[in-house]
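Down below is the structure, laid out as C-alpha cells.
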Amino acid sequence: MQMLPYNHRSYITKLALIFSVMLLSFPAATTAETSRTSSIEGTRAQTVKPSKERRVPAISEHLYRQLQKAQKFLDENETDKASLLLENALASRRLNNYERAVIWQMKSSIAYNNNDVPATIAAYETILSFRDSIPVQQEIASLYSLAQLYFAEEDFQAARKTTEKWQAMPKPEPSAAEYQFQAQLYYTLNHYATALTHIDALLTKAALNDALKIQESWYQLKLSSHWEMGDLTEVKNSLEYMVQRWPSTRYWTQLAATHRELGNIETTYSVTEAAYRQGWLNDDEAQLLQVARIRMARETPIRCAWVLEQAFVNARVAKTPENMRMLGQCYLQAGEYEKALSPMATAASLDPDSAALRRLGQLYLQLDKLELAGSAFQQAAQLLDPFETKQKQKIFTLLMLQAQVQIELEQFAKAQDILGEAKATAAKKAQFTALKRWQRYLNAEEARHRLLTG
C-alpha cells in the first residue's frame, strides 16, 4: 500500500498568517496593557515585574515618540523611512536592553513584511539575546515565532532546539495551532511517537471544546505518523474516521489497502465495493479494474461485466487488449457466450496472442461458428515456434482442434491433411493415442456422410 506522507511544505505556507499576526504585535510591558493600540504604550511603562525573577527596565519618552512615528510610517507603507528611523534610534548609546529589544521587535516585523526570513530570524535572535531584560511573555512569543521561522527555512534541528526552550517556559496549555506546529515539527524530524503525543493532545482538546473544529490536516498527520511507525491497526482506525468525515478516493483506497495488509481480504473487498457504489472510484481506472476483479473473485461475474461496460461507455477505462479480455472472461464465467464474443475478438485483433486466439477459437466452437473457430486456431498455431518443445506441444493441440472443426464441417480431406501435420509434431504416447482416436472418428464420419449422400 502506498501511503502519502504528510506534506510539511503545504503547512509552511499557512505559517505566513500566524507570523503576520505575531510580528506586528508588540508584547505589552505590563499585563494590563494588551490591546493593539497599546502595544507601544506598553513599552513606555515604568519598570514592571512580570515574574518574581525578572524586572523590565523603563522605556524613555523620547524613544516612545520615535516608535510611534515609526509605526505611523509602517501604517502608511513607508517602510524605508521606518527602517531609517529605527536604525538611528539603535545608534543611541543611552538605550537599555529592553528598549533595544523593542526596536528589534519592530525591525523583525519590517523584515518579515519584506519577505526577508533570514533577517527576521536574526532580529528574533537579537531580541532573545536581551531575554533577561524583556517580559517573560515577550520571550515566550519570540521563541515560538523563531521556532516557526526556522521550520519555514527547513532548519529543523534549530526549530527543535528553539521549540524545546519554548516548551520549558511557564505558559498556559498550548493552543490548537501550537499543538499542530509541534506535531508537524516532530513528524518532519521522524520522531513519530512524539508527533502523535501532540496531535492526540490536540484532538483531546477539540473533543472538550465544541468551538474547536477538528481539521482534516490533523488526521492526515496522525495517519501518516501511525503509518511510518508501522501501526496498521491505528492506520485503519484513522482511515475509518476519515472516510466518514472527509470521504475521498484516496482515503477509501488506502482503507481497502490497509485491510489487505492486515489480511482482512473480505473486508478489503467490501470497502472497495462501498467506495465504488458511492462513486469515489469513478475516475480511477486502476480501482475500477480492481472492483471488476473483486466481483470475479466473489463469483458475481455478470456484475464484473457491468462495471467494465459502464467504465468503457464513460471512457473511464481504456479498451486495451487486457481489459477487453477481462470483459470477455466476465461474460464467459457468467455463461453469456454471445456477449463474450465481441470483447474477446477485439482483444485478439488488438494484440494477436496464441493463447487469446485459442480461447477465441474455443468460444467460436462453443457458439457453432465453425469457420471462424478454424481460422482462430490456425492463427494461434502460426504464432508458435515449432522448434521449441513446449510450443510444439501447443501446436499439436491446436492442429487437433482444427481437425475437429473440419470434421464438423464435413471437410474430410482437409481434416485428413491436418491430422497428418499433427502426426508430424507428435512426440508423446498420449498424442499418438489421441491421433488414432480422431483418425477412427474421421473415418467413421466420412463413411456415414457417403452413406447418407449416396
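Residue numbers start at 1 in each chain; chains themselves are named A, B, ... in the order of the C-alpha cells; ligands are numbered from 1 in the order shown.
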List the neighbours of stretch 74-86 of chain A out to 10 Å using only C-alpha atoms; skip same-chain residues closer than 6 positions along the sequence, and give me the result as a ChimeraX atom specification.
-> /A:63,66-68,100,103-104,106-107,109-111,113-114
Report the residues of stretch 198-286 of chain A whose backbone DSSP state falls under alpha helix (DSSP H), written as an MDAnalysis selection string.
-> chainID A and resid 198:207 216:228 232:245 249:261 265:277 285:286
So which residues touch stretch 388-393 of chain A within 9 Å, counting only C-alpha atoms, skipping near sequence neighbours fewer than 3 positions away, as a ChimeraX atom specification?
-> /A:381,384-385,396-398,425-427
Which polymer residues have any atom within 9 Å of an atom of stretch 316-327 of chain A, counting only C-alpha atoms, with same-chain residues fewer than 6 positions away left out, as a ChimeraX atom specification?
-> /A:282-286,288-289,292-293,304-306,308-310,340,342-351,356
Near stretch 139-151 of chain A, counting only C-alpha atoms, which residues have an atom at most 6 Å away, once you skip same-chain residues fewer than 6 positions from it, shown as a list in words?
->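 Everything that qualifies: Ala159, Thr162, Thr163 and Trp166 of chain A.
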Write out as a ChimeraX atom specification the residues lying within 8 Å of stretch 195-211 of chain A, counting only C-alpha atoms and excluding same-chain residues fewer than 5 positions away.
-> /A:176,179-180,182-187,218,221-222,225
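Closest approach to A:Val243 among A:Ala122, A:Leu255, A:Val102, A:Leu365: A:Leu255, based on only C-alpha atoms.
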Would you tabulate, counting only C-alpha atoms, all residues of stretch 292-389 of chain A that have an atom at most 10 Å from an atom of stretch 266-280 of chain A, showing the closest pair of atoms and their distance in Å to one decimal, sorted by chain then ascending number, as JSON lines?
```
{"residue": "A:Ala292", "atom": "CA", "partner": "A:Glu273", "partner_atom": "CA", "distance": 9.7}
{"residue": "A:Arg293", "atom": "CA", "partner": "A:Tyr269", "partner_atom": "CA", "distance": 9.7}
{"residue": "A:Ile294", "atom": "CA", "partner": "A:Tyr269", "partner_atom": "CA", "distance": 6.2}
{"residue": "A:Arg295", "atom": "CA", "partner": "A:Tyr269", "partner_atom": "CA", "distance": 8.5}
{"residue": "A:Ala297", "atom": "CA", "partner": "A:Tyr269", "partner_atom": "CA", "distance": 9.3}
{"residue": "A:Arg298", "atom": "CA", "partner": "A:Tyr269", "partner_atom": "CA", "distance": 8.7}
{"residue": "A:Val307", "atom": "CA", "partner": "A:Tyr276", "partner_atom": "CA", "distance": 9.5}
```
